[in-house]
>>> print(open('entry-v8.cif').read())   # mmCIF, C-alpha atoms
data_my_file
loop_
_atom_site.label_atom_id
_atom_site.label_comp_id
_atom_site.auth_asym_id
_atom_site.auth_seq_id
_atom_site.Cartn_x
_atom_site.Cartn_y
_atom_site.Cartn_z
CA MET A 1 -171.76 30.34 11.56
CA GLY A 2 -173.32 29.60 8.19
CA GLY A 3 -172.58 33.16 7.00
CA LEU A 4 -168.80 32.78 7.12
CA THR A 5 -167.12 33.69 3.82
CA ARG A 6 -163.52 32.64 4.31
CA VAL A 7 -162.50 30.91 7.51
CA THR A 8 -159.01 29.85 8.55
CA ILE A 9 -158.85 27.01 11.08
CA VAL A 10 -155.51 27.51 12.78
CA ASP A 11 -153.34 24.37 12.79
CA PHE A 12 -150.86 24.51 15.66
CA GLY A 13 -150.41 20.80 16.13
CA THR A 14 -153.07 20.04 18.73
CA GLY A 15 -155.54 17.95 16.76
CA ASN A 16 -159.34 18.30 16.56
CA LEU A 17 -158.98 20.12 13.23
CA ASN A 18 -160.72 17.77 10.84
CA SER A 19 -163.89 17.58 12.90
CA VAL A 20 -164.07 21.38 12.96
CA LYS A 21 -163.51 21.50 9.21
CA ARG A 22 -166.26 18.98 8.59
CA ALA A 23 -168.67 20.87 10.85
CA LEU A 24 -168.05 23.99 8.76
CA ASP A 25 -168.44 22.00 5.56
CA ARG A 26 -171.87 20.87 6.72
CA LEU A 27 -172.75 24.55 7.22
CA ARG A 28 -171.45 25.29 3.68
CA ALA A 29 -168.76 27.63 4.95
CA VAL A 30 -165.59 28.15 2.91
CA SER A 31 -162.73 27.13 5.17
CA VAL A 32 -159.11 26.03 5.16
CA VAL A 33 -156.97 24.29 7.79
CA SER A 34 -153.59 25.99 7.84
CA SER A 35 -150.47 26.68 9.92
CA CYS A 36 -149.42 29.47 7.56
CA PRO A 37 -149.52 33.08 8.86
CA ASP A 38 -150.54 34.26 5.38
CA ASP A 39 -153.78 32.25 5.57
CA ILE A 40 -154.61 33.95 8.85
CA ALA A 41 -153.91 37.30 7.24
CA LYS A 42 -156.24 36.47 4.33
CA ALA A 43 -159.04 35.11 6.51
CA ASP A 44 -162.32 36.89 7.12
CA LYS A 45 -162.81 34.87 10.29
CA ILE A 46 -160.59 32.60 12.36
CA ILE A 47 -161.15 29.47 14.43
CA LEU A 48 -158.64 28.43 17.07
CA PRO A 49 -159.48 24.82 18.04
CA GLY A 50 -157.45 22.47 20.15
CA VAL A 51 -157.11 19.68 22.66
CA GLY A 52 -154.11 18.97 24.83
CA HIS A 53 -151.54 20.78 26.93
CA PHE A 54 -151.64 24.58 27.38
CA GLY A 55 -147.87 25.05 27.49
CA ARG A 56 -147.15 22.96 24.41
CA ALA A 57 -149.92 24.69 22.50
CA MET A 58 -148.48 28.14 23.22
CA ALA A 59 -145.00 26.88 22.30
CA ASN A 60 -146.37 25.53 19.01
CA LEU A 61 -147.99 28.87 18.18
CA ARG A 62 -144.66 30.54 18.83
CA ASP A 63 -142.58 28.00 16.92
CA ARG A 64 -144.85 28.24 13.88
CA ASN A 65 -144.60 32.04 13.89
CA LEU A 66 -148.35 32.42 14.35
CA LEU A 67 -148.48 34.70 17.40
CA ASP A 68 -147.74 37.98 15.64
CA GLU A 69 -150.27 37.39 12.88
CA LEU A 70 -152.94 36.26 15.32
CA ASN A 71 -152.47 39.38 17.44
CA GLU A 72 -152.49 41.59 14.34
CA SER A 73 -155.65 39.99 12.92
CA VAL A 74 -157.57 39.80 16.20
CA LEU A 75 -156.48 42.88 18.13
CA ILE A 76 -155.70 45.37 15.36
CA GLU A 77 -157.88 44.29 12.43
CA GLN A 78 -160.63 43.07 14.77
CA LYS A 79 -161.35 39.90 12.81
CA PRO A 80 -163.86 37.60 14.50
CA ILE A 81 -162.21 34.60 16.14
CA LEU A 82 -163.70 31.58 17.86
CA GLY A 83 -161.67 29.54 20.34
CA ILE A 84 -162.81 25.97 21.04
CA CYS A 85 -161.85 24.12 24.24
CA LEU A 86 -158.05 24.54 24.52
CA GLY A 87 -158.35 27.34 21.95
CA MET A 88 -160.55 29.27 24.35
CA GLU A 89 -158.19 28.58 27.26
CA LEU A 90 -155.28 30.02 25.27
CA MET A 91 -157.14 33.34 25.16
CA ALA A 92 -156.62 33.75 28.94
CA ASN A 93 -153.73 35.46 30.69
CA THR A 94 -152.34 32.40 32.46
CA SER A 95 -152.92 28.71 33.12
CA GLU A 96 -152.04 26.54 36.09
CA GLU A 97 -151.10 23.85 33.58
CA ALA A 98 -147.91 25.63 32.47
CA GLU A 99 -145.52 28.40 33.47
CA ILE A 100 -146.12 30.33 30.29
CA ASN A 101 -148.43 33.24 29.51
CA GLY A 102 -151.47 32.82 27.29
CA LEU A 103 -152.59 35.16 24.54
CA GLY A 104 -154.11 37.53 27.10
CA TRP A 105 -157.09 38.51 24.95
CA ILE A 106 -159.57 37.84 27.78
CA ASP A 107 -158.90 38.84 31.39
CA ALA A 108 -159.01 35.32 32.80
CA ALA A 109 -157.05 32.48 34.35
CA VAL A 110 -157.22 28.79 33.52
CA VAL A 111 -157.50 26.78 36.73
CA LYS A 112 -157.29 23.05 37.50
CA PHE A 113 -160.45 21.40 38.84
CA ASP A 114 -159.99 20.61 42.54
CA MET A 115 -163.20 19.02 43.74
CA ALA A 116 -164.20 18.57 47.35
CA ASP A 117 -166.36 15.59 46.34
CA LYS A 118 -163.91 13.70 44.16
CA GLN A 119 -166.14 10.66 43.75
CA ARG A 120 -169.15 12.54 42.45
CA TYR A 121 -167.21 15.08 40.38
CA LYS A 122 -164.42 13.22 38.67
CA VAL A 123 -161.76 14.96 36.62
CA PRO A 124 -161.58 15.43 33.67
CA HIS A 125 -165.08 16.85 33.37
CA MET A 126 -165.99 14.58 30.50
CA GLY A 127 -169.40 14.20 28.90
CA TRP A 128 -172.59 16.10 28.17
CA ASN A 129 -173.66 19.07 30.25
CA LYS A 130 -175.98 22.03 30.00
CA ILE A 131 -175.24 25.73 30.28
CA THR A 132 -176.88 28.79 31.77
CA ILE A 133 -176.81 32.00 29.77
CA ASN A 134 -175.51 35.29 31.17
CA LYS A 135 -176.01 37.50 28.12
CA PRO A 136 -177.25 37.31 24.52
CA SER A 137 -174.64 36.19 22.00
CA ILE A 138 -174.22 34.56 18.61
CA LEU A 139 -173.06 31.57 20.64
CA THR A 140 -176.56 31.01 22.04
CA LYS A 141 -178.69 31.74 19.01
CA ASP A 142 -181.66 29.42 18.26
CA LEU A 143 -180.65 26.77 20.78
CA SER A 144 -183.44 24.83 22.44
CA PRO A 145 -183.80 24.91 26.25
CA GLU A 146 -182.64 21.29 26.35
CA SER A 147 -179.44 21.77 24.34
CA GLU A 148 -176.41 19.93 25.70
CA PHE A 149 -172.76 20.26 24.83
CA TYR A 150 -169.84 17.85 25.00
CA PHE A 151 -167.09 18.77 27.48
CA SER A 152 -163.68 17.18 27.93
CA HIS A 153 -161.29 19.17 30.12
CA SER A 154 -159.29 19.03 33.36
CA TYR A 155 -158.82 22.80 33.61
CA TYR A 156 -161.54 25.42 33.54
CA PHE A 157 -161.78 29.03 32.38
CA ARG A 158 -162.26 31.63 35.12
CA ALA A 159 -163.13 35.01 33.61
CA ASN A 160 -162.45 38.00 35.85
CA ASP A 161 -164.90 40.36 34.11
CA ARG A 162 -168.48 39.09 34.19
CA ASN A 163 -169.28 41.25 31.17
CA ASP A 164 -167.21 38.78 29.12
CA ILE A 165 -169.20 35.72 30.24
CA VAL A 166 -171.80 34.42 27.78
CA SER A 167 -172.58 31.21 29.67
CA GLU A 168 -171.61 29.26 32.75
CA THR A 169 -171.74 25.56 33.55
CA ARG A 170 -172.06 23.79 36.87
CA TYR A 171 -169.80 20.85 37.63
CA GLY A 172 -169.06 20.81 41.32
CA ILE A 173 -168.18 24.48 40.89
CA THR A 174 -169.52 27.06 38.43
CA PHE A 175 -167.11 27.87 35.60
CA THR A 176 -167.16 29.97 32.47
CA SER A 177 -168.25 27.84 29.50
CA ALA A 178 -168.47 30.58 26.82
CA VAL A 179 -167.11 34.10 26.48
CA GLU A 180 -167.49 37.03 24.14
CA ARG A 181 -165.49 40.25 24.12
CA GLY A 182 -166.14 42.19 20.94
CA ASN A 183 -164.78 40.10 18.07
CA ILE A 184 -163.36 37.44 20.42
CA LEU A 185 -165.53 34.38 21.10
CA GLY A 186 -164.67 31.23 23.02
CA VAL A 187 -166.39 28.03 24.12
CA GLN A 188 -165.05 25.45 26.56
CA TYR A 189 -167.16 22.69 25.04
CA HIS A 190 -166.68 20.91 21.71
CA LEU A 191 -169.49 22.44 19.69
CA GLU A 192 -168.31 20.63 16.54
CA LYS A 193 -169.07 17.32 18.25
CA SER A 194 -172.29 18.36 19.98
CA HIS A 195 -174.79 17.23 17.33
CA ASP A 196 -177.43 19.86 16.49
CA ALA A 197 -176.44 22.12 19.38
CA GLY A 198 -173.15 22.86 17.65
CA ALA A 199 -174.70 24.88 14.84
CA LEU A 200 -173.95 28.22 16.58
CA VAL A 201 -177.05 30.12 15.53
CA PRO A 202 -178.14 33.01 17.82
CA GLN A 203 -181.16 33.09 20.23
CA GLU A 204 -180.95 33.60 23.96
CA PHE A 205 -182.24 30.76 26.10
CA SER A 206 -181.93 29.59 29.66
CA CYS A 207 -181.95 26.18 31.21
CA THR A 208 -181.15 24.30 34.36
CA VAL A 209 -177.79 22.69 34.79
CA MET A 210 -177.60 18.92 34.55
CA PHE A 211 -174.71 16.58 33.92
CA ARG A 212 -175.83 13.27 32.49
CA PRO A 213 -173.99 9.97 32.08
CA ARG A 214 -172.73 8.76 28.73
CA ILE A 215 -173.77 5.65 26.86
CA ILE A 216 -170.84 4.77 24.63
CA PRO A 217 -170.92 2.09 21.91
CA VAL A 218 -167.55 0.31 21.80
CA LEU A 219 -166.88 -1.14 18.34
CA LEU A 220 -164.30 -3.88 17.81
CA LEU A 221 -162.30 -4.03 14.59
CA LYS A 222 -160.63 -6.95 12.86
CA ASN A 223 -159.36 -6.67 9.29
CA ARG A 224 -161.10 -3.26 9.20
CA GLY A 225 -164.51 -4.89 9.71
CA LEU A 226 -166.67 -4.80 12.82
CA VAL A 227 -166.68 -7.97 14.90
CA LYS A 228 -168.26 -9.31 18.07
CA SER A 229 -166.39 -11.59 20.44
CA VAL A 230 -167.29 -13.64 23.50
CA ARG A 231 -164.74 -13.59 26.32
CA PHE A 232 -162.22 -12.20 23.81
CA ARG A 233 -162.53 -15.32 21.64
CA ASP A 234 -164.05 -16.28 18.30
CA PRO A 235 -164.64 -12.81 16.80
CA SER A 236 -167.41 -12.89 14.18
CA TYR A 237 -168.02 -10.28 11.49
CA ILE A 238 -171.08 -8.08 12.08
CA GLY A 239 -170.76 -5.19 9.63
CA ASP A 240 -169.00 -2.20 8.12
CA PRO A 241 -167.63 0.38 10.60
CA ILE A 242 -168.57 3.42 8.51
CA ASN A 243 -172.17 2.25 8.19
CA ALA A 244 -172.19 1.81 11.96
CA VAL A 245 -171.02 5.41 12.42
CA ARG A 246 -173.87 6.63 10.22
CA LEU A 247 -176.34 4.60 12.25
CA PHE A 248 -175.05 5.97 15.53
CA ASN A 249 -175.18 9.51 14.09
CA GLU A 250 -178.90 9.04 13.55
CA MET A 251 -179.29 7.66 17.06
CA LYS A 252 -177.22 10.58 18.45
CA ALA A 253 -174.87 8.36 20.41
CA ASP A 254 -172.90 10.24 23.06
CA GLU A 255 -169.52 8.96 21.91
CA LEU A 256 -167.94 6.11 19.98
CA VAL A 257 -164.89 3.98 20.75
CA PHE A 258 -163.09 1.95 18.07
CA LEU A 259 -160.66 -0.75 19.19
CA ASP A 260 -158.56 -2.79 16.78
CA ILE A 261 -158.29 -6.10 18.60
CA GLU A 262 -155.36 -7.45 16.55
CA ALA A 263 -153.15 -4.38 16.17
CA SER A 264 -150.91 -4.95 19.21
CA ARG A 265 -150.35 -8.63 18.49
CA GLN A 266 -149.52 -7.80 14.86
CA ASN A 267 -147.14 -5.04 15.97
CA ARG A 268 -148.94 -2.28 14.02
CA LEU A 269 -151.15 0.74 14.64
CA ILE A 270 -154.89 0.91 14.02
CA SER A 271 -155.47 2.09 10.44
CA LEU A 272 -155.06 5.85 10.11
CA ASP A 273 -157.09 5.73 6.91
CA LEU A 274 -160.00 4.18 8.79
CA VAL A 275 -159.69 6.78 11.55
CA ARG A 276 -159.90 9.54 8.92
CA LYS A 277 -162.98 7.95 7.37
CA VAL A 278 -164.66 7.63 10.77
CA GLY A 279 -163.84 11.27 11.45
CA GLU A 280 -165.41 12.31 8.15
CA GLU A 281 -168.70 10.74 9.20
CA ALA A 282 -168.88 11.01 12.99
CA CYS A 283 -171.02 13.78 14.48
CA MET A 284 -169.97 12.85 17.99
CA PRO A 285 -166.60 12.53 19.76
CA PHE A 286 -164.75 9.29 19.11
CA SER A 287 -161.76 7.49 20.58
CA VAL A 288 -159.52 4.93 18.93
CA GLY A 289 -157.17 2.26 20.22
CA GLY A 290 -155.03 -0.54 18.91
CA GLY A 291 -151.26 -0.87 18.71
CA ILE A 292 -150.38 2.48 20.30
CA ARG A 293 -146.74 2.32 21.37
CA SER A 294 -145.32 5.83 21.06
CA ILE A 295 -146.02 9.53 21.35
CA GLY A 296 -145.76 9.65 17.56
CA ASP A 297 -148.58 7.10 17.26
CA ILE A 298 -150.84 9.28 19.39
CA ARG A 299 -149.93 12.37 17.42
CA SER A 300 -150.81 10.60 14.16
CA LEU A 301 -154.18 9.42 15.48
CA ILE A 302 -155.17 12.86 16.73
CA ALA A 303 -154.08 14.40 13.43
CA ALA A 304 -156.28 11.84 11.66
CA GLY A 305 -159.31 13.08 13.58
CA ALA A 306 -159.62 11.17 16.87
CA GLU A 307 -160.50 13.20 19.96
CA LYS A 308 -159.01 10.65 22.36
CA VAL A 309 -156.81 7.57 22.22
CA VAL A 310 -157.23 4.31 24.12
CA ILE A 311 -154.08 2.62 25.42
CA ASN A 312 -153.88 -0.90 26.81
CA THR A 313 -150.75 -2.95 26.16
CA ALA A 314 -148.27 -0.06 26.29
CA ALA A 315 -149.76 1.11 29.60
CA GLY A 316 -149.63 -2.37 31.14
CA ARG A 317 -146.02 -2.84 30.20
CA ASP A 318 -144.90 0.68 31.08
CA PRO A 319 -147.33 2.87 33.11
CA GLU A 320 -144.87 5.76 32.77
CA PHE A 321 -145.83 5.89 29.08
CA VAL A 322 -149.20 7.20 30.22
CA ARG A 323 -147.49 10.04 32.07
CA ARG A 324 -145.48 11.01 28.99
CA ALA A 325 -148.60 10.92 26.84
CA ALA A 326 -150.64 13.01 29.30
CA ASP A 327 -147.84 15.55 29.63
CA THR A 328 -147.73 15.88 25.85
CA PHE A 329 -151.42 15.85 24.91
CA GLY A 330 -153.29 16.57 28.14
CA SER A 331 -155.09 14.10 30.40
CA SER A 332 -158.45 14.54 28.67
CA THR A 333 -156.96 12.99 25.50
CA ILE A 334 -155.59 9.85 27.19
CA VAL A 335 -157.83 6.86 27.98
CA VAL A 336 -156.54 3.55 29.32
CA CYS A 337 -158.49 0.31 28.94
CA ILE A 338 -158.05 -2.11 31.84
CA ASP A 339 -158.90 -5.66 30.74
CA VAL A 340 -159.54 -7.83 33.77
CA LYS A 341 -159.58 -11.61 34.25
CA ARG A 342 -159.16 -13.86 37.26
CA THR A 343 -156.14 -16.09 37.70
CA PHE A 344 -156.37 -19.83 38.37
CA LEU A 345 -156.36 -19.03 42.10
CA GLY A 346 -159.19 -16.50 41.74
CA ALA A 347 -157.23 -13.23 42.04
CA ARG A 348 -158.10 -10.46 39.60
CA ARG A 349 -155.31 -9.31 37.30
CA SER A 350 -155.05 -6.75 34.52
CA TRP A 351 -154.27 -8.25 31.12
CA VAL A 352 -152.79 -6.84 27.92
CA LEU A 353 -152.21 -7.94 24.32
CA GLY A 354 -155.84 -8.77 23.69
CA GLY A 355 -156.20 -10.66 26.96
CA SER A 356 -153.32 -13.02 26.19
CA GLU A 357 -150.67 -11.66 28.57
CA SER A 358 -151.10 -11.07 32.29
CA THR A 359 -149.56 -8.13 34.12
CA LYS A 360 -148.55 -8.03 37.77
CA TYR A 361 -151.27 -5.51 38.57
CA ASP A 362 -154.49 -5.93 40.48
CA PRO A 363 -157.02 -3.75 38.57
CA VAL A 364 -157.69 -1.41 41.49
CA GLU A 365 -153.97 -0.94 42.09
CA PHE A 366 -153.43 -0.44 38.36
CA ALA A 367 -156.24 2.11 38.12
CA GLY A 368 -154.63 4.17 40.88
CA ILE A 369 -151.25 4.11 39.14
CA LEU A 370 -152.80 5.16 35.84
CA ALA A 371 -154.77 8.01 37.38
CA GLU A 372 -151.66 9.19 39.21
CA ASN A 373 -149.76 9.14 35.92
CA GLY A 374 -152.33 11.37 34.25
CA ALA A 375 -154.85 9.09 32.53
CA GLY A 376 -157.98 11.16 32.04
CA GLU A 377 -160.39 8.25 31.76
CA LEU A 378 -160.42 4.52 32.43
CA ILE A 379 -162.35 1.81 30.60
CA VAL A 380 -162.77 -1.22 32.85
CA GLN A 381 -163.64 -4.42 31.04
CA SER A 382 -164.33 -7.91 32.34
CA ILE A 383 -162.86 -10.42 29.91
CA GLU A 384 -164.98 -13.16 31.45
CA LEU A 385 -168.23 -11.26 30.74
CA ASP A 386 -167.27 -9.86 27.35
CA GLY A 387 -170.03 -10.54 24.82
CA THR A 388 -172.09 -12.69 27.19
CA MET A 389 -174.89 -10.10 27.65
CA ASN A 390 -175.20 -11.25 31.26
CA GLY A 391 -174.52 -7.84 32.80
CA TYR A 392 -171.46 -5.96 34.03
CA ASP A 393 -169.13 -7.06 36.79
CA ILE A 394 -170.61 -4.55 39.23
CA GLU A 395 -168.20 -5.45 42.02
CA LEU A 396 -165.25 -4.75 39.72
CA ILE A 397 -166.71 -1.46 38.48
CA ARG A 398 -167.47 -0.31 42.01
CA SER A 399 -164.03 -1.20 43.36
CA VAL A 400 -162.24 0.69 40.60
CA SER A 401 -164.62 3.65 40.43
CA THR A 402 -164.51 4.36 44.14
CA SER A 403 -160.71 4.20 44.19
CA VAL A 404 -159.94 6.91 41.61
CA GLY A 405 -160.95 10.47 40.86
CA VAL A 406 -161.19 10.12 37.08
CA PRO A 407 -164.20 8.99 34.99
CA VAL A 408 -164.67 5.23 34.71
CA VAL A 409 -166.41 3.54 31.78
CA ALA A 410 -167.96 0.10 32.38
CA LEU A 411 -167.48 -2.31 29.47
CA GLY A 412 -168.24 -5.97 28.90
CA GLY A 413 -171.46 -7.86 29.46
CA ALA A 414 -174.34 -5.41 28.98
CA GLY A 415 -177.39 -7.06 27.45
CA GLN A 416 -180.39 -4.96 28.52
CA PRO A 417 -181.21 -1.45 29.83
CA GLU A 418 -181.28 -2.68 33.42
CA ASP A 419 -177.58 -3.49 33.16
CA LEU A 420 -176.86 0.14 32.33
CA ILE A 421 -179.00 1.33 35.23
CA ARG A 422 -177.09 -0.88 37.66
CA ALA A 423 -173.75 0.43 36.39
CA PHE A 424 -175.02 4.00 36.62
CA ALA A 425 -176.00 3.39 40.23
CA VAL A 426 -172.38 2.49 40.95
CA ASP A 427 -170.93 5.62 39.33
CA GLU A 428 -173.14 8.53 38.31
CA ARG A 429 -170.49 9.85 35.97
CA THR A 430 -170.32 7.27 33.20
CA LEU A 431 -171.78 4.07 31.78
#
>>> encode(input="entry-v8.cif", output="structure tokens")
Amino acid sequence: MGGLTRVTIVDFGTGNLNSVKRALDRLRAVSVVSSCPDDIAKADKIILPGVGHFGRAMANLRDRNLLDELNESVLIEQKPILGICLGMELMANTSEEAEINGLGWIDAAVVKFDMADKQRYKVPHMGWNKITINKPSILTKDLSPESEFYFSHSYYFRANDRNDIVSETRYGITFTSAVERGNILGVQYHLEKSHDAGALVPQEFSCTVMFRPRIIPVLLLKNRGLVKSVRFRDPSYIGDPINAVRLFNEMKADELVFLDIEASRQNRLISLDLVRKVGEEACMPFSVGGGIRSIGDIRSLIAAGAEKVVINTAAGRDPEFVRRAADTFGSSTIVVCIDVKRTFLGARRSWVLGGSESTKYDPVEFAGILAENGAGELIVQSIELDGTMNGYDIELIRSVSTSVGVPVVALGGAGQPEDLIRAFAVDERTL
């Protein structure tokens, strides 16, 4: 999309805006993030990004008086528009996520994943996957046969007219991953966080479908510096977080997670300024956690640029908070970190507040409660193996992963590639 002259990125309160803006900046496009109908009217092209809940997104478009101008610009003036993830889903007629009509620009329905094999195909569909091309489009121009895109969604787009389908993706079932109808374009994946594949330059290609696991660096923060701990104790400074982001950009890391290890104990939120700076540099999706206690905290972090948030203490003290967060922002935005340590008698328990306060929950029981309440992803961490580089607690990972139908991330103890392979053998979805 390097030829764009004036692009309006529509702000309707669903996050993911800054990363789209930065992607356009890298392509030297002139763009503005706005919730003003006049900026849509003045735009040459429009981008409708978004993560979160279908019903709330449509309500936000209505409440901000954006629906009329969007319909005028797209349907009457025929301005090109690109929907990304939730933005594409809003272009459909209906969604099973909410009893409210979508924009109706594409004859389609948005449907919840319901997998027969819930252990192999966990929901949300979260990670890197390939696409197969149905027809030539600007969306597939100059992509290599090995291009992969980052997906994060619990609902999928089901187009009724195959002439609208640019590409499809296989994840248990085959779903529409990109559409084009005249001036209306949509992608289910996050092209702005898909490294080089997100450049959107046109050339038809075809490829096989393959979902691959993610390798996710988890970076610990203390006093806004990166630290390393051992068994949650004695954190030592190891570097600057922004330099680390640049390094992982070069290495094309799948995702990043930033966790402020002192925020909850100090009764504060992870630095929004730092989140913004990470977002300005990161070419991959990133999640942040530390001190999240309210829906407002999550809203602020997403507005600052995070794709997902990681909750620990608030979830351990009140699992219903996870349900409220998922209902507001969508399951694919909500990650819960389960920190696990054995009691004096040898029973596993989930811990909060940086491993200093025990909950009443066995980790497998807790994982089931969190998944039932709408958590889209679980990070399972052994406090006893943290920083030891002696390998993951495979028994723990297996017991949690086989008990829930959401992606599980193993954390704590990896020291060599063989550790990753063993964790992957437990759960093909995630490392």
>>> residues_near_point(input="entry-v8.cif", point="(-156.8, 25.2, 21.4)", cutoff="6 Å", atoms="all atoms listed in the file", output="ChimeraX atom specification")
/A:48-51,85-87
>>> residues_around(input="entry-v8.cif", residues="Gly186 (chain A)", least_positions_apart="4", cutoff="7 Å", atoms="only C-alpha atoms", output="JSON, numbers by chain")
{"A": [82, 83, 84, 88, 178, 179, 180]}
>>> write_last_selection(input="entry-v8.cif", atoms="C-alpha atoms", output="PDB file, keeping the file's coordinate frame")
ATOM      1  CA  LEU A  82    -163.700  31.580  17.860  1.00  0.00           C
ATOM      2  CA  GLY A  83    -161.670  29.540  20.340  1.00  0.00           C
ATOM      3  CA  ILE A  84    -162.810  25.970  21.040  1.00  0.00           C
ATOM      4  CA  MET A  88    -160.550  29.270  24.350  1.00  0.00           C
ATOM      5  CA  ALA A 178    -168.470  30.580  26.820  1.00  0.00           C
ATOM      6  CA  VAL A 179    -167.110  34.100  26.480  1.00  0.00           C
ATOM      7  CA  GLU A 180    -167.490  37.030  24.140  1.00  0.00           C
TER       8      GLU A 180
END
>>> resolve_selection(input="entry-v8.cif", expression="the PyMOL selection byres ((chain A and resi 117) around 12)", output="VMD selection string")
chain A and resid 113 to 116 118 to 123 171 to 173 402 404 to 406
>>> resolve_selection(input="entry-v8.cif", expression="the PyMOL selection byres ((chain A and resi 251-266) around 7)", output="list in words")
Arg214, Ile215, Ile216, Pro217, Val218, Leu219, Leu220, Leu221, Lys222, Leu247, Phe248, Asn249, Glu250, Asn267, Arg268, Leu269, Ile270, Met284, Pro285, Phe286, Ser287, Val288, Gly289, Gly290, Gly291, Leu353 and Gly354 of chain A
>>> resolve_selection(input="entry-v8.cif", expression="the PyMOL selection byres ((chain A and resi 310) around 7)", output="mmCIF file with C-alpha atoms, keeping the file's coordinate frame")
data_model
loop_
_atom_site.group_PDB
_atom_site.id
_atom_site.type_symbol
_atom_site.label_atom_id
_atom_site.label_comp_id
_atom_site.auth_asym_id
_atom_site.auth_seq_id
_atom_site.Cartn_x
_atom_site.Cartn_y
_atom_site.Cartn_z
ATOM 1 C CA SER A 287 -161.760 7.490 20.580
ATOM 2 C CA VAL A 288 -159.520 4.930 18.930
ATOM 3 C CA GLY A 289 -157.170 2.260 20.220
ATOM 4 C CA LYS A 308 -159.010 10.650 22.360
ATOM 5 C CA VAL A 309 -156.810 7.570 22.220
ATOM 6 C CA ILE A 311 -154.080 2.620 25.420
ATOM 7 C CA ASN A 312 -153.880 -0.900 26.810
ATOM 8 C CA ILE A 334 -155.590 9.850 27.190
ATOM 9 C CA VAL A 335 -157.830 6.860 27.980
ATOM 10 C CA VAL A 336 -156.540 3.550 29.320
ATOM 11 C CA CYS A 337 -158.490 0.310 28.940
#
>>> closest_residue(input="entry-v8.cif", among="A:Ile76, A:Ala23, A:Ala159, A:Ile292", to="Asn183 (chain A)", atoms="only C-alpha atoms")
A:Ile76
>>> atom_distance(input="entry-v8.cif", atom1="CA of Ile131 (chain A)", atom2="CA of Ala108 (chain A)")
19.0 Å
>>> residues_around(input="entry-v8.cif", residues="Ala92 (chain A)", least_positions_apart="4", cutoff="6 Å", atoms="all atoms listed in the file", output="PDB file with C-alpha atoms, in the frame of the given file")
ATOM      1  CA  GLY A 102    -151.470  32.820  27.290  1.00  0.00           C
ATOM      2  CA  GLY A 104    -154.110  37.530  27.100  1.00  0.00           C
ATOM      3  CA  ILE A 106    -159.570  37.840  27.780  1.00  0.00           C
ATOM      4  CA  ALA A 108    -159.010  35.320  32.800  1.00  0.00           C
ATOM      5  CA  ALA A 109    -157.050  32.480  34.350  1.00  0.00           C
TER       6      ALA A 109
END
>>> closest_residue(input="entry-v8.cif", among="A:Arg56, A:Arg233, A:Arg299, A:Lys135", to="Gly387 (chain A)", atoms="all atoms listed in the file")
A:Arg233
>>> residues_near_point(input="entry-v8.cif", point="(-171.5, 12.9, 28.4)", cutoff="7 Å", atoms="all atoms listed in the file", output="CSV table (one decimal) with C-alpha atoms, keeping the file's coordinate frame")
chain,number,residue,atom,x,y,z
A,126,MET,CA,-166.0,14.6,30.5
A,127,GLY,CA,-169.4,14.2,28.9
A,128,TRP,CA,-172.6,16.1,28.2
A,129,ASN,CA,-173.7,19.1,30.2
A,150,TYR,CA,-169.8,17.8,25.0
A,212,ARG,CA,-175.8,13.3,32.5
A,213,PRO,CA,-174.0,10.0,32.1
A,214,ARG,CA,-172.7,8.8,28.7
A,254,ASP,CA,-172.9,10.2,23.1
>>> atom_distance(input="entry-v8.cif", atom1="CA of Glu307 (chain A)", atom2="CA of Gly13 (chain A)")
13.2 Å
>>> residues_around(input="entry-v8.cif", residues="Cys36 (chain A)", least_positions_apart="3", cutoff="9 Å", atoms="all atoms listed in the file", output="NGL selection string")
:A and (10-11 or 39-40 or 64-66)
>>> atom_distance(input="entry-v8.cif", atom1="CA of Leu396 (chain A)", atom2="CA of Thr343 (chain A)")
14.7 Å
>>> closest_residue(input="entry-v8.cif", among="A:Leu90, A:Gly391, A:Tyr189, A:Arg246", to="Glu280 (chain A)", atoms="only C-alpha atoms")
A:Arg246
>>> residues_around(input="entry-v8.cif", residues="Glu96 (chain A)", least_positions_apart="5", cutoff="10 Å", atoms="all atoms listed in the file", output="PyMOL selection string")
chain A and resi 54-55+109-112+155-156
>>> closest_residue(input="entry-v8.cif", among="A:Asp161, A:Asp63, A:Glu97, A:Glu89", to="Ser331 (chain A)", atoms="all atoms listed in the file")
A:Glu97
>>> closest_residue(input="entry-v8.cif", among="A:Lys228, A:Val408, A:Gly239, A:Asp327", to="Met389 (chain A)", atoms="only C-alpha atoms")
A:Lys228
